[in-house]
Amino acid sequence: MRKLTLFFSIFLVSIVSAQTVQDSITFDPQKQLNAAQRILSGNYGKSVTVGAYGELTYNQPEAKNGELDVQRLVLLFGYKFNDKTQFVTEVEFEHVEEVFIEQAFVNYNVASNVSLRGGLMLVPFGIINEFHEPTTFNGVERPALDNVIIPTTWREIGFGVTGRFNEISLGYQAYVFNGFKSTSFDGEGGVNGVLRGSNGLRGGRQKAIQSTIDSPTLSMKFDYYGIPGLRLGLSGYFGDTQAEDDVEDLAGANIGISMIGLDARYAFQRFTARGQFVHGSLSGTEDYNNLTGRDLGSALQGWYLEAAYNLLPQEKEQRLFAFARYEQYDTHAETAGSLTRNDAFNRNDLTTGLSYHIAPGVVFKADYQFRDNAVSGGDVDNRLNFGIGVWF
């Protein structure tokens, strides 16, 4: 409760401070682009576009050794075949030793505000999954909600449509994807379950690595940008998980997923704020847990609020944001059958810190995280974080 009171105190002080400056809006929602959007919108008169983003981090839990890490380095490539057809790909190196393809899709402009897409793409859910470049968010680490409930970076193979209704200030995306992988056969008469209570659906991301597909899933997002300085999002994801052929007919091999998310971003002069709420309902988890021996919950839920204020004069190119973010997330919001709710999975974090943008595309970050869970005396180690992020 003290952490929540502290957060709202900082939030209110930031609003009061923001209202003392002159009345003008500096945030244009249509100019808030992620890496793929930047390549698609800026690739004029060129055949090839190249870019990159990356993060170096230092994490120091209380009373434990710290960790230094080149957390990720992502190389961006775009190719323009003609005025209608483009290709975008991201090659990601994680922790120096792992290599993934994060995106690889073709974009075809049917009309000025309508495009068809197919390939490996980000699932449009929430804020961070689409806007995860290190200069686009506060905090060295992404919000925990966007790790254990929205399994960022969440990408799968699919196809669909994206566009805008400018007359009503509404953007839309709708895709059909392969789903999460839930189970596999271990070759010795047993079944492996990859979904678990601690991090929900995260272990089921297939990432286009010889992905199994049984039935397609539907992903949709709508963004409203009709109020200056404000962007509102509504996300939905619906479908079943995918099992390997050996186990797909077993009771509990697949589960049903229905996820809804609401998000908001706001900026007024030197003040910015964002918030998010996600609820996921999982059906068939009792049979799944009986089959696999896992502890998957039947409902996932979380939310956060964040406020930030630029301490430097607005006319300066450099920006120094002081911010605070409070988040609560529970991967055992509900459980089915005989599975007992695990309060260790009901967690909350308060993160406070600074983001110093020394130039467009370069940020130095520092923050401290107060972390705990609902278990009596079950505090999680607090953590000090430092980071460097670049994007070009």
# chains A, B, ... in the order shown; residues from 1 in each chain; ligands from 1
$ residues_around --residues "A:Trp154" --least-positions-apart "3" --cutoff "7 Å" --atoms "only C-alpha atoms" --output "PyMOL selection string"
chain A and resi 122-123+129+151+205
$ write_last_selection --atoms "N, CA, C and O atoms" --output "PDB file, in the first residue's frame"
ATOM      1  N   LEU A 122       4.970  -9.275 -35.688  1.00  0.00           N
ATOM      2  CA  LEU A 122       4.630  -9.059 -34.296  1.00  0.00           C
ATOM      3  C   LEU A 122       3.121  -9.185 -34.115  1.00  0.00           C
ATOM      4  O   LEU A 122       2.343  -8.664 -34.912  1.00  0.00           O
ATOM      5  N   VAL A 123       2.714  -9.870 -33.057  1.00  0.00           N
ATOM      6  CA  VAL A 123       1.298  -9.920 -32.710  1.00  0.00           C
ATOM      7  C   VAL A 123       0.919  -8.554 -32.124  1.00  0.00           C
ATOM      8  O   VAL A 123       1.535  -8.101 -31.154  1.00  0.00           O
ATOM      9  N   ASN A 129       4.885  -4.764 -27.020  1.00  0.00           N
ATOM     10  CA  ASN A 129       5.158  -5.803 -28.014  1.00  0.00           C
ATOM     11  C   ASN A 129       5.408  -5.215 -29.397  1.00  0.00           C
ATOM     12  O   ASN A 129       6.220  -5.737 -30.154  1.00  0.00           O
ATOM     13  N   PRO A 151       3.558 -12.085 -23.816  1.00  0.00           N
ATOM     14  CA  PRO A 151       4.911 -12.667 -23.869  1.00  0.00           C
ATOM     15  C   PRO A 151       5.820 -11.980 -24.887  1.00  0.00           C
ATOM     16  O   PRO A 151       6.230 -12.557 -25.895  1.00  0.00           O
ATOM     17  N   ARG A 205       5.576 -19.702 -27.124  1.00  0.00           N
ATOM     18  CA  ARG A 205       5.876 -18.971 -28.356  1.00  0.00           C
ATOM     19  C   ARG A 205       6.663 -19.865 -29.312  1.00  0.00           C
ATOM     20  O   ARG A 205       7.678 -20.441 -28.939  1.00  0.00           O
TER      21      ARG A 205
END
$ residues_around --residues "A:Gly203" --least-positions-apart "3" --cutoff "9 Å" --atoms "only C-alpha atoms" --output "short mmCIF file (atom, residue, chain, number, x, y, z; two decimals) with all heavy atoms, in the first residue's frame"
data_model
loop_
_atom_site.label_atom_id
_atom_site.label_comp_id
_atom_site.auth_asym_id
_atom_site.auth_seq_id
_atom_site.Cartn_x
_atom_site.Cartn_y
_atom_site.Cartn_z
N PRO A 151 3.56 -12.08 -23.82
CA PRO A 151 4.91 -12.67 -23.87
C PRO A 151 5.82 -11.98 -24.89
O PRO A 151 6.23 -12.56 -25.89
CB PRO A 151 4.63 -14.12 -24.26
CG PRO A 151 3.39 -14.05 -25.08
CD PRO A 151 2.57 -12.93 -24.49
N PHE A 180 0.10 -20.62 -30.02
CA PHE A 180 1.11 -21.10 -29.09
C PHE A 180 1.22 -22.62 -29.18
O PHE A 180 0.24 -23.31 -29.38
CB PHE A 180 0.74 -20.73 -27.65
CG PHE A 180 0.79 -19.28 -27.34
CD1 PHE A 180 -0.37 -18.51 -27.35
CD2 PHE A 180 1.98 -18.65 -27.01
CE1 PHE A 180 -0.35 -17.17 -27.05
CE2 PHE A 180 2.02 -17.31 -26.72
CZ PHE A 180 0.86 -16.56 -26.73
N LYS A 181 2.41 -23.12 -28.96
CA LYS A 181 2.58 -24.56 -28.80
C LYS A 181 2.34 -24.90 -27.34
O LYS A 181 2.81 -24.22 -26.44
CB LYS A 181 4.00 -24.97 -29.20
CG LYS A 181 4.24 -26.47 -29.20
CD LYS A 181 5.64 -26.79 -29.72
CE LYS A 181 5.88 -28.28 -29.74
NZ LYS A 181 7.22 -28.62 -30.28
N SER A 182 1.58 -25.97 -27.10
CA SER A 182 1.23 -26.33 -25.72
C SER A 182 1.91 -27.60 -25.24
O SER A 182 2.39 -27.68 -24.10
CB SER A 182 -0.29 -26.47 -25.57
OG SER A 182 -0.78 -27.40 -26.53
N VAL A 194 4.55 -27.15 -22.12
CA VAL A 194 5.47 -26.01 -22.14
C VAL A 194 4.85 -24.75 -21.51
O VAL A 194 5.53 -23.74 -21.36
CB VAL A 194 5.93 -25.69 -23.58
CG1 VAL A 194 6.69 -26.86 -24.15
CG2 VAL A 194 4.74 -25.34 -24.47
N LEU A 195 3.57 -24.82 -21.13
CA LEU A 195 2.90 -23.68 -20.49
C LEU A 195 2.83 -23.94 -19.00
O LEU A 195 2.51 -25.04 -18.56
CB LEU A 195 1.50 -23.50 -21.06
CG LEU A 195 1.39 -23.46 -22.59
CD1 LEU A 195 -0.06 -23.31 -23.01
CD2 LEU A 195 2.24 -22.35 -23.17
N ARG A 196 3.11 -22.91 -18.19
CA ARG A 196 3.18 -23.13 -16.74
C ARG A 196 2.65 -21.91 -15.99
O ARG A 196 2.48 -20.83 -16.56
CB ARG A 196 4.61 -23.44 -16.32
CG ARG A 196 5.62 -22.40 -16.77
CD ARG A 196 7.03 -22.76 -16.30
NE ARG A 196 7.48 -24.04 -16.82
CZ ARG A 196 8.07 -24.20 -18.00
NH1 ARG A 196 8.26 -23.15 -18.77
NH2 ARG A 196 8.45 -25.38 -18.41
N ASN A 199 4.83 -18.16 -15.67
CA ASN A 199 4.87 -17.18 -16.76
C ASN A 199 3.84 -17.46 -17.85
O ASN A 199 4.01 -17.06 -19.00
CB ASN A 199 6.27 -17.12 -17.36
CG ASN A 199 6.74 -18.45 -17.94
OD1 ASN A 199 6.01 -19.44 -17.91
ND2 ASN A 199 7.96 -18.47 -18.46
N GLY A 200 2.77 -18.16 -17.49
CA GLY A 200 1.61 -18.29 -18.38
C GLY A 200 1.95 -18.88 -19.74
O GLY A 200 2.40 -20.02 -19.86
N GLN A 206 6.22 -19.94 -30.56
CA GLN A 206 6.91 -20.79 -31.53
C GLN A 206 7.96 -20.03 -32.34
O GLN A 206 8.90 -20.64 -32.87
CB GLN A 206 5.89 -21.46 -32.47
CG GLN A 206 4.88 -22.32 -31.71
CD GLN A 206 4.27 -23.37 -32.61
OE1 GLN A 206 4.93 -24.27 -33.10
NE2 GLN A 206 2.96 -23.25 -32.83
#
$ closest_atom_pairs --of "stretch 21-108 of chain A" --to "stretch 375-389 of chain A" --cutoff "8 Å" --atoms "only C-alpha atoms" --output "CSV"
residue,atom,partner,partner_atom,distance
A:Tyr53,CA,A:Gly389,CA,7.4
A:Gly54,CA,A:Gly389,CA,5.8
A:Glu55,CA,A:Gly389,CA,4.6
A:Leu56,CA,A:Ile388,CA,5.2
A:Thr57,CA,A:Gly387,CA,4.3
A:Tyr58,CA,A:Phe386,CA,5.1
A:Asn59,CA,A:Asn385,CA,4.6
A:Gln60,CA,A:Leu384,CA,5.0
A:Pro61,CA,A:Arg383,CA,4.2
A:Glu62,CA,A:Asn382,CA,5.7
$ write_last_selection --atoms "N, CA and C atoms" --output "JSON list (two decimals), in the first residue's frame"
[["chain", "number", "residue", "atom", "x", "y", "z"],
["A", 53, "TYR", "N", 18.78, -1.54, -33.61],
["A", 53, "TYR", "CA", 18.62, -1.08, -32.24],
["A", 53, "TYR", "C", 19.23, -2.11, -31.31],
["A", 54, "GLY", "N", 19.60, -1.65, -30.12],
["A", 54, "GLY", "CA", 20.25, -2.57, -29.19],
["A", 54, "GLY", "C", 20.22, -2.06, -27.77],
["A", 55, "GLU", "N", 20.46, -2.97, -26.82],
["A", 55, "GLU", "CA", 20.45, -2.66, -25.39],
["A", 55, "GLU", "C", 21.60, -3.35, -24.68],
["A", 56, "LEU", "N", 22.31, -2.59, -23.86],
["A", 56, "LEU", "CA", 23.29, -3.13, -22.93],
["A", 56, "LEU", "C", 22.77, -2.85, -21.52],
["A", 57, "THR", "N", 22.75, -3.88, -20.67],
["A", 57, "THR", "CA", 22.11, -3.72, -19.36],
["A", 57, "THR", "C", 23.00, -4.22, -18.24],
["A", 58, "TYR", "N", 22.76, -3.63, -17.07],
["A", 58, "TYR", "CA", 23.38, -4.08, -15.83],
["A", 58, "TYR", "C", 22.28, -4.21, -14.78],
["A", 59, "ASN", "N", 22.12, -5.41, -14.21],
["A", 59, "ASN", "CA", 21.09, -5.67, -13.21],
["A", 59, "ASN", "C", 21.77, -6.11, -11.91],
["A", 60, "GLN", "N", 21.38, -5.45, -10.80],
["A", 60, "GLN", "CA", 22.00, -5.73, -9.50],
["A", 60, "GLN", "C", 20.91, -6.01, -8.47],
["A", 61, "PRO", "N", 20.54, -7.31, -8.28],
["A", 61, "PRO", "CA", 19.61, -7.63, -7.20],
["A", 61, "PRO", "C", 20.24, -7.38, -5.85],
["A", 62, "GLU", "N", 19.40, -7.13, -4.83],
["A", 62, "GLU", "CA", 19.91, -6.91, -3.48],
["A", 62, "GLU", "C", 20.70, -8.12, -2.99]]
$ select_by_dssp --residues "stretch 257-337 of chain A" --states "strand (DSSP E or B)" --output "number ranges by chain"
A: 257-268, 271-283, 299-310, 319-334
$ residues_around --residues "A:Thr340" --least-positions-apart "6" --cutoff "12 Å" --atoms "only C-alpha atoms" --output "NGL selection string"
:A and (197 or 286 or 289 or 294-298 or 332-334)
$ write_last_selection --atoms "C-alpha atoms" --output "mmCIF file, in the first residue's frame"
data_model
loop_
_atom_site.group_PDB
_atom_site.id
_atom_site.type_symbol
_atom_site.label_atom_id
_atom_site.label_comp_id
_atom_site.auth_asym_id
_atom_site.auth_seq_id
_atom_site.Cartn_x
_atom_site.Cartn_y
_atom_site.Cartn_z
ATOM 1 C CA GLY A 197 1.849 -21.065 -13.887
ATOM 2 C CA GLU A 286 -7.698 -28.653 -15.626
ATOM 3 C CA ASN A 289 -2.530 -29.811 -15.915
ATOM 4 C CA ARG A 294 1.882 -28.424 -14.915
ATOM 5 C CA ASP A 295 0.269 -25.675 -12.839
ATOM 6 C CA LEU A 296 -1.192 -23.402 -15.522
ATOM 7 C CA GLY A 297 -3.800 -20.949 -14.246
ATOM 8 C CA SER A 298 -7.180 -20.500 -15.908
ATOM 9 C CA HIS A 332 -2.939 -17.351 -11.139
ATOM 10 C CA ALA A 333 -5.790 -14.842 -11.167
ATOM 11 C CA GLU A 334 -8.006 -17.942 -11.333
#
$ closest_residue --among "A:Asp223, A:Leu250, A:Ile213, A:Lys207" --to "A:Asp287" --atoms "only C-alpha atoms"
A:Leu250
$ closest_atom_pairs --of "stretch 191-287 of chain A" --to "stretch 302-326 of chain A" --cutoff "10 Å" --atoms "only C-alpha atoms" --output "CSV"
residue,atom,partner,partner_atom,distance
A:Gly261,CA,A:Trp303,CA,9.5
A:Leu262,CA,A:Trp303,CA,9.3
A:Asp263,CA,A:Trp303,CA,9.4
A:Ala264,CA,A:Leu305,CA,9.5
A:Arg265,CA,A:Glu306,CA,9.5
A:Tyr266,CA,A:Ala307,CA,9.5
A:Ala267,CA,A:Ala308,CA,9.4
A:Phe268,CA,A:Tyr309,CA,9.7
A:Gln269,CA,A:Gln314,CA,7.2
A:Arg270,CA,A:Asn310,CA,4.9
A:Phe271,CA,A:Tyr309,CA,4.6
A:Thr272,CA,A:Ala308,CA,5.2
A:Ala273,CA,A:Ala307,CA,4.4
A:Arg274,CA,A:Glu306,CA,5.3
A:Gly275,CA,A:Leu305,CA,4.4
A:Gln276,CA,A:Trp303,CA,5.3
A:Phe277,CA,A:Trp303,CA,4.2
A:Val278,CA,A:Gly302,CA,5.4
A:His279,CA,A:Gly302,CA,6.7
A:Gly280,CA,A:Gly302,CA,9.2
$ residues_around --residues "A:Thr135" --least-positions-apart "2" --cutoff "10 Å" --atoms "only C-alpha atoms" --output "PyMOL selection string"
chain A and resi 53-55+131-133+137-139+355-357+360-365+388-392
$ closest_atom_pairs --of "stretch 105-205 of chain A" --to "stretch 241-245 of chain A" --cutoff "10 Å" --atoms "only C-alpha atoms" --output "Markdown table"
| residue | atom | partner | partner_atom | distance |
| --- | --- | --- | --- | --- |
| A:Asn178 | CA | A:Gln242 | CA | 8.0 |
| A:Gly179 | CA | A:Thr241 | CA | 5.3 |
| A:Phe180 | CA | A:Thr241 | CA | 4.9 |
| A:Lys181 | CA | A:Gln242 | CA | 4.7 |
| A:Ser182 | CA | A:Ala243 | CA | 5.6 |
| A:Thr183 | CA | A:Ala243 | CA | 5.1 |
| A:Ser184 | CA | A:Glu244 | CA | 5.4 |
| A:Phe185 | CA | A:Glu244 | CA | 7.1 |
| A:Gly193 | CA | A:Ala243 | CA | 9.6 |
| A:Leu201 | CA | A:Thr241 | CA | 9.6 |
| A:Gly204 | CA | A:Thr241 | CA | 8.3 |
$ write_last_selection --atoms "all heavy atoms" --output "PDB file, in the first residue's frame"
ATOM      1  N   ASN A 178      -0.489 -18.706 -36.621  1.00  0.00           N
ATOM      2  CA  ASN A 178      -0.419 -19.974 -35.897  1.00  0.00           C
ATOM      3  C   ASN A 178      -0.422 -19.643 -34.402  1.00  0.00           C
ATOM      4  O   ASN A 178      -0.089 -18.531 -33.995  1.00  0.00           O
ATOM      5  CB  ASN A 178       0.838 -20.758 -36.270  1.00  0.00           C
ATOM      6  CG  ASN A 178       2.122 -20.078 -35.817  1.00  0.00           C
ATOM      7  OD1 ASN A 178       2.611 -19.193 -36.497  1.00  0.00           O
ATOM      8  ND2 ASN A 178       2.644 -20.498 -34.676  1.00  0.00           N
ATOM      9  N   GLY A 179      -0.786 -20.603 -33.579  1.00  0.00           N
ATOM     10  CA  GLY A 179      -0.931 -20.311 -32.158  1.00  0.00           C
ATOM     11  C   GLY A 179       0.269 -20.717 -31.336  1.00  0.00           C
ATOM     12  O   GLY A 179       1.329 -21.088 -31.852  1.00  0.00           O
ATOM     13  N   PHE A 180       0.103 -20.619 -30.020  1.00  0.00           N
ATOM     14  CA  PHE A 180       1.114 -21.098 -29.090  1.00  0.00           C
ATOM     15  C   PHE A 180       1.224 -22.618 -29.175  1.00  0.00           C
ATOM     16  O   PHE A 180       0.237 -23.313 -29.379  1.00  0.00           O
ATOM     17  CB  PHE A 180       0.743 -20.734 -27.646  1.00  0.00           C
ATOM     18  CG  PHE A 180       0.790 -19.275 -27.338  1.00  0.00           C
ATOM     19  CD1 PHE A 180      -0.373 -18.514 -27.350  1.00  0.00           C
ATOM     20  CD2 PHE A 180       1.981 -18.651 -27.010  1.00  0.00           C
ATOM     21  CE1 PHE A 180      -0.349 -17.168 -27.051  1.00  0.00           C
ATOM     22  CE2 PHE A 180       2.020 -17.306 -26.718  1.00  0.00           C
ATOM     23  CZ  PHE A 180       0.860 -16.557 -26.732  1.00  0.00           C
ATOM     24  N   LYS A 181       2.408 -23.118 -28.961  1.00  0.00           N
ATOM     25  CA  LYS A 181       2.583 -24.558 -28.801  1.00  0.00           C
ATOM     26  C   LYS A 181       2.337 -24.903 -27.342  1.00  0.00           C
ATOM     27  O   LYS A 181       2.813 -24.220 -26.436  1.00  0.00           O
ATOM     28  CB  LYS A 181       4.002 -24.968 -29.203  1.00  0.00           C
ATOM     29  CG  LYS A 181       4.236 -26.468 -29.205  1.00  0.00           C
ATOM     30  CD  LYS A 181       5.642 -26.789 -29.717  1.00  0.00           C
ATOM     31  CE  LYS A 181       5.884 -28.285 -29.738  1.00  0.00           C
ATOM     32  NZ  LYS A 181       7.223 -28.622 -30.284  1.00  0.00           N
ATOM     33  N   SER A 182       1.579 -25.969 -27.096  1.00  0.00           N
ATOM     34  CA  SER A 182       1.231 -26.329 -25.720  1.00  0.00           C
ATOM     35  C   SER A 182       1.910 -27.598 -25.240  1.00  0.00           C
ATOM     36  O   SER A 182       2.385 -27.677 -24.101  1.00  0.00           O
ATOM     37  CB  SER A 182      -0.288 -26.472 -25.572  1.00  0.00           C
ATOM     38  OG  SER A 182      -0.783 -27.402 -26.532  1.00  0.00           O
ATOM     39  N   THR A 183       1.955 -28.618 -26.098  1.00  0.00           N
ATOM     40  CA  THR A 183       2.464 -29.917 -25.669  1.00  0.00           C
ATOM     41  C   THR A 183       3.263 -30.583 -26.778  1.00  0.00           C
ATOM     42  O   THR A 183       3.105 -30.271 -27.962  1.00  0.00           O
ATOM     43  CB  THR A 183       1.307 -30.864 -25.276  1.00  0.00           C
ATOM     44  OG1 THR A 183       0.330 -30.868 -26.327  1.00  0.00           O
ATOM     45  CG2 THR A 183       0.655 -30.434 -23.986  1.00  0.00           C
ATOM     46  N   SER A 184       4.106 -31.510 -26.384  1.00  0.00           N
ATOM     47  CA  SER A 184       4.845 -32.329 -27.331  1.00  0.00           C
ATOM     48  C   SER A 184       5.029 -33.716 -26.725  1.00  0.00           C
ATOM     49  O   SER A 184       4.924 -33.901 -25.509  1.00  0.00           O
ATOM     50  CB  SER A 184       6.199 -31.700 -27.666  1.00  0.00           C
ATOM     51  OG  SER A 184       7.006 -31.611 -26.503  1.00  0.00           O
ATOM     52  N   PHE A 185       5.300 -34.667 -27.572  1.00  0.00           N
ATOM     53  CA  PHE A 185       5.504 -36.051 -27.146  1.00  0.00           C
ATOM     54  C   PHE A 185       6.985 -36.261 -26.871  1.00  0.00           C
ATOM     55  O   PHE A 185       7.825 -35.898 -27.694  1.00  0.00           O
ATOM     56  CB  PHE A 185       5.012 -36.990 -28.247  1.00  0.00           C
ATOM     57  CG  PHE A 185       5.058 -38.444 -27.875  1.00  0.00           C
ATOM     58  CD1 PHE A 185       4.269 -38.934 -26.850  1.00  0.00           C
ATOM     59  CD2 PHE A 185       5.870 -39.327 -28.571  1.00  0.00           C
ATOM     60  CE1 PHE A 185       4.295 -40.280 -26.517  1.00  0.00           C
ATOM     61  CE2 PHE A 185       5.907 -40.678 -28.242  1.00  0.00           C
ATOM     62  CZ  PHE A 185       5.116 -41.155 -27.215  1.00  0.00           C
ATOM     63  N   GLY A 193       4.567 -30.546 -21.269  1.00  0.00           N
ATOM     64  CA  GLY A 193       3.778 -29.324 -21.314  1.00  0.00           C
ATOM     65  C   GLY A 193       4.697 -28.123 -21.205  1.00  0.00           C
ATOM     66  O   GLY A 193       5.551 -28.065 -20.316  1.00  0.00           O
ATOM     67  N   LEU A 201       1.734 -18.079 -20.787  1.00  0.00           N
ATOM     68  CA  LEU A 201       1.845 -18.550 -22.161  1.00  0.00           C
ATOM     69  C   LEU A 201       3.236 -18.395 -22.759  1.00  0.00           C
ATOM     70  O   LEU A 201       3.480 -18.848 -23.885  1.00  0.00           O
ATOM     71  CB  LEU A 201       0.845 -17.782 -23.036  1.00  0.00           C
ATOM     72  CG  LEU A 201      -0.625 -17.893 -22.621  1.00  0.00           C
ATOM     73  CD1 LEU A 201      -1.469 -16.852 -23.360  1.00  0.00           C
ATOM     74  CD2 LEU A 201      -1.161 -19.290 -22.867  1.00  0.00           C
ATOM     75  N   GLY A 204       5.190 -21.009 -24.714  1.00  0.00           N
ATOM     76  CA  GLY A 204       4.563 -21.569 -25.897  1.00  0.00           C
ATOM     77  C   GLY A 204       4.826 -20.817 -27.184  1.00  0.00           C
ATOM     78  O   GLY A 204       4.355 -21.236 -28.252  1.00  0.00           O
TER      79      GLY A 204
END
$ residues_around --residues "A:Gly78" --least-positions-apart "3" --cutoff "10 Å" --atoms "only C-alpha atoms" --output "list in words"
Ala36, Arg38, Ile39, Leu40, Asn43, Lys46, Ser47, Val48, Thr49, Val50, Gly51, Phe81, Gln86, Phe87, Val88, Thr89, Glu90, Ala104, Phe105 and Val106 of chain A
$ closest_residue --among "A:Leu116, A:Leu300, A:Leu234, A:Val140" --to "A:Ile257" --atoms "only C-alpha atoms"
A:Leu300
$ select_by_dssp --residues "stretch 145-252 of chain A" --states "helix (DSSP H, G or I)" --output "PDB file with N, CA, C and O atoms, in the first residue's frame"
ATOM      1  N   LEU A 145       4.647  -7.009 -16.810  1.00  0.00           N
ATOM      2  CA  LEU A 145       3.385  -7.407 -17.434  1.00  0.00           C
ATOM      3  C   LEU A 145       3.608  -7.853 -18.872  1.00  0.00           C
ATOM      4  O   LEU A 145       2.981  -8.804 -19.354  1.00  0.00           O
ATOM      5  N   ASP A 146       4.529  -7.157 -19.565  1.00  0.00           N
ATOM      6  CA  ASP A 146       4.843  -7.475 -20.954  1.00  0.00           C
ATOM      7  C   ASP A 146       5.914  -8.550 -21.055  1.00  0.00           C
ATOM      8  O   ASP A 146       6.645  -8.626 -22.048  1.00  0.00           O
ATOM      9  N   ASN A 147       5.984  -9.364 -20.065  1.00  0.00           N
ATOM     10  CA  ASN A 147       6.896 -10.502 -20.061  1.00  0.00           C
ATOM     11  C   ASN A 147       6.151 -11.781 -19.705  1.00  0.00           C
ATOM     12  O   ASN A 147       6.214 -12.773 -20.424  1.00  0.00           O
ATOM     13  N   VAL A 148       5.392 -11.738 -18.599  1.00  0.00           N
ATOM     14  CA  VAL A 148       4.757 -12.964 -18.107  1.00  0.00           C
ATOM     15  C   VAL A 148       3.301 -13.103 -18.543  1.00  0.00           C
ATOM     16  O   VAL A 148       2.751 -14.208 -18.473  1.00  0.00           O
ATOM     17  N   ASN A 166      -9.038   7.441 -41.556  1.00  0.00           N
ATOM     18  CA  ASN A 166      -8.632   8.764 -41.086  1.00  0.00           C
ATOM     19  C   ASN A 166      -9.817   9.649 -40.724  1.00  0.00           C
ATOM     20  O   ASN A 166      -9.701  10.524 -39.855  1.00  0.00           O
ATOM     21  N   GLU A 167     -10.962   9.429 -41.373  1.00  0.00           N
ATOM     22  CA  GLU A 167     -12.123  10.274 -41.091  1.00  0.00           C
ATOM     23  C   GLU A 167     -12.633  10.081 -39.663  1.00  0.00           C
ATOM     24  O   GLU A 167     -13.279  10.978 -39.102  1.00  0.00           O
ATOM     25  N   ILE A 168     -12.345   8.931 -39.066  1.00  0.00           N
ATOM     26  CA  ILE A 168     -12.749   8.696 -37.669  1.00  0.00           C
ATOM     27  C   ILE A 168     -11.523   8.462 -36.769  1.00  0.00           C
ATOM     28  O   ILE A 168     -11.669   8.024 -35.631  1.00  0.00           O
ATOM     29  N   ARG A 202       4.153 -17.777 -22.036  1.00  0.00           N
ATOM     30  CA  ARG A 202       5.436 -17.384 -22.615  1.00  0.00           C
ATOM     31  C   ARG A 202       6.200 -18.560 -23.221  1.00  0.00           C
ATOM     32  O   ARG A 202       6.786 -18.458 -24.299  1.00  0.00           O
ATOM     33  N   GLY A 203       6.203 -19.692 -22.541  1.00  0.00           N
ATOM     34  CA  GLY A 203       6.951 -20.840 -23.037  1.00  0.00           C
ATOM     35  C   GLY A 203       6.386 -21.442 -24.300  1.00  0.00           C
ATOM     36  O   GLY A 203       7.038 -22.288 -24.931  1.00  0.00           O
ATOM     37  N   GLY A 204       5.190 -21.009 -24.714  1.00  0.00           N
ATOM     38  CA  GLY A 204       4.563 -21.569 -25.897  1.00  0.00           C
ATOM     39  C   GLY A 204       4.826 -20.817 -27.184  1.00  0.00           C
ATOM     40  O   GLY A 204       4.355 -21.236 -28.252  1.00  0.00           O
TER      41      GLY A 204
END
$ atom_distance --atom1 "atom CA of A:Asn113" --atom2 "atom CA of A:Tyr172"
10.3 Å
$ atom_distance --atom1 "atom CA of A:Asn65" --atom2 "atom CA of A:Glu327"
25.4 Å
$ decode --residues "stretch 353-362 of chain A" --atoms "N, CA, C and O atoms" --output "CSV table (one decimal), in the first residue's frame"
chain,number,residue,atom,x,y,z
A,353,GLY,N,12.9,5.9,-11.8
A,353,GLY,CA,14.2,6.1,-12.3
A,353,GLY,C,14.3,7.3,-13.3
A,353,GLY,O,13.4,8.1,-13.3
A,354,LEU,N,15.3,7.3,-14.1
A,354,LEU,CA,15.6,8.4,-15.0
A,354,LEU,C,15.9,7.8,-16.4
A,354,LEU,O,16.5,6.7,-16.5
A,355,SER,N,15.5,8.5,-17.5
A,355,SER,CA,15.8,8.1,-18.8
A,355,SER,C,16.4,9.4,-19.5
A,355,SER,O,15.7,10.4,-19.6
A,356,TYR,N,17.7,9.3,-19.8
A,356,TYR,CA,18.4,10.5,-20.3
A,356,TYR,C,18.7,10.3,-21.8
A,356,TYR,O,19.6,9.5,-22.1
A,357,HIS,N,18.0,11.0,-22.6
A,357,HIS,CA,18.1,10.9,-24.1
A,357,HIS,C,19.2,12.0,-24.5
A,357,HIS,O,18.8,13.2,-24.6
A,358,ILE,N,20.4,11.5,-24.7
A,358,ILE,CA,21.5,12.5,-24.9
A,358,ILE,C,21.4,13.0,-26.4
A,358,ILE,O,22.0,14.0,-26.7
A,359,ALA,N,20.8,12.2,-27.2
A,359,ALA,CA,20.6,12.6,-28.7
A,359,ALA,C,19.4,11.7,-29.2
A,359,ALA,O,19.1,10.7,-28.6
A,360,PRO,N,18.8,12.1,-30.2
A,360,PRO,CA,17.7,11.3,-30.8
A,360,PRO,C,18.3,9.9,-31.2
A,360,PRO,O,19.2,9.8,-32.0
A,361,GLY,N,17.8,8.9,-30.5
A,361,GLY,CA,18.2,7.5,-30.8
A,361,GLY,C,19.2,7.0,-29.8
A,361,GLY,O,19.7,5.8,-30.0
A,362,VAL,N,19.6,7.8,-28.8
A,362,VAL,CA,20.6,7.3,-27.8
A,362,VAL,C,20.0,7.6,-26.4
A,362,VAL,O,19.7,8.8,-26.1
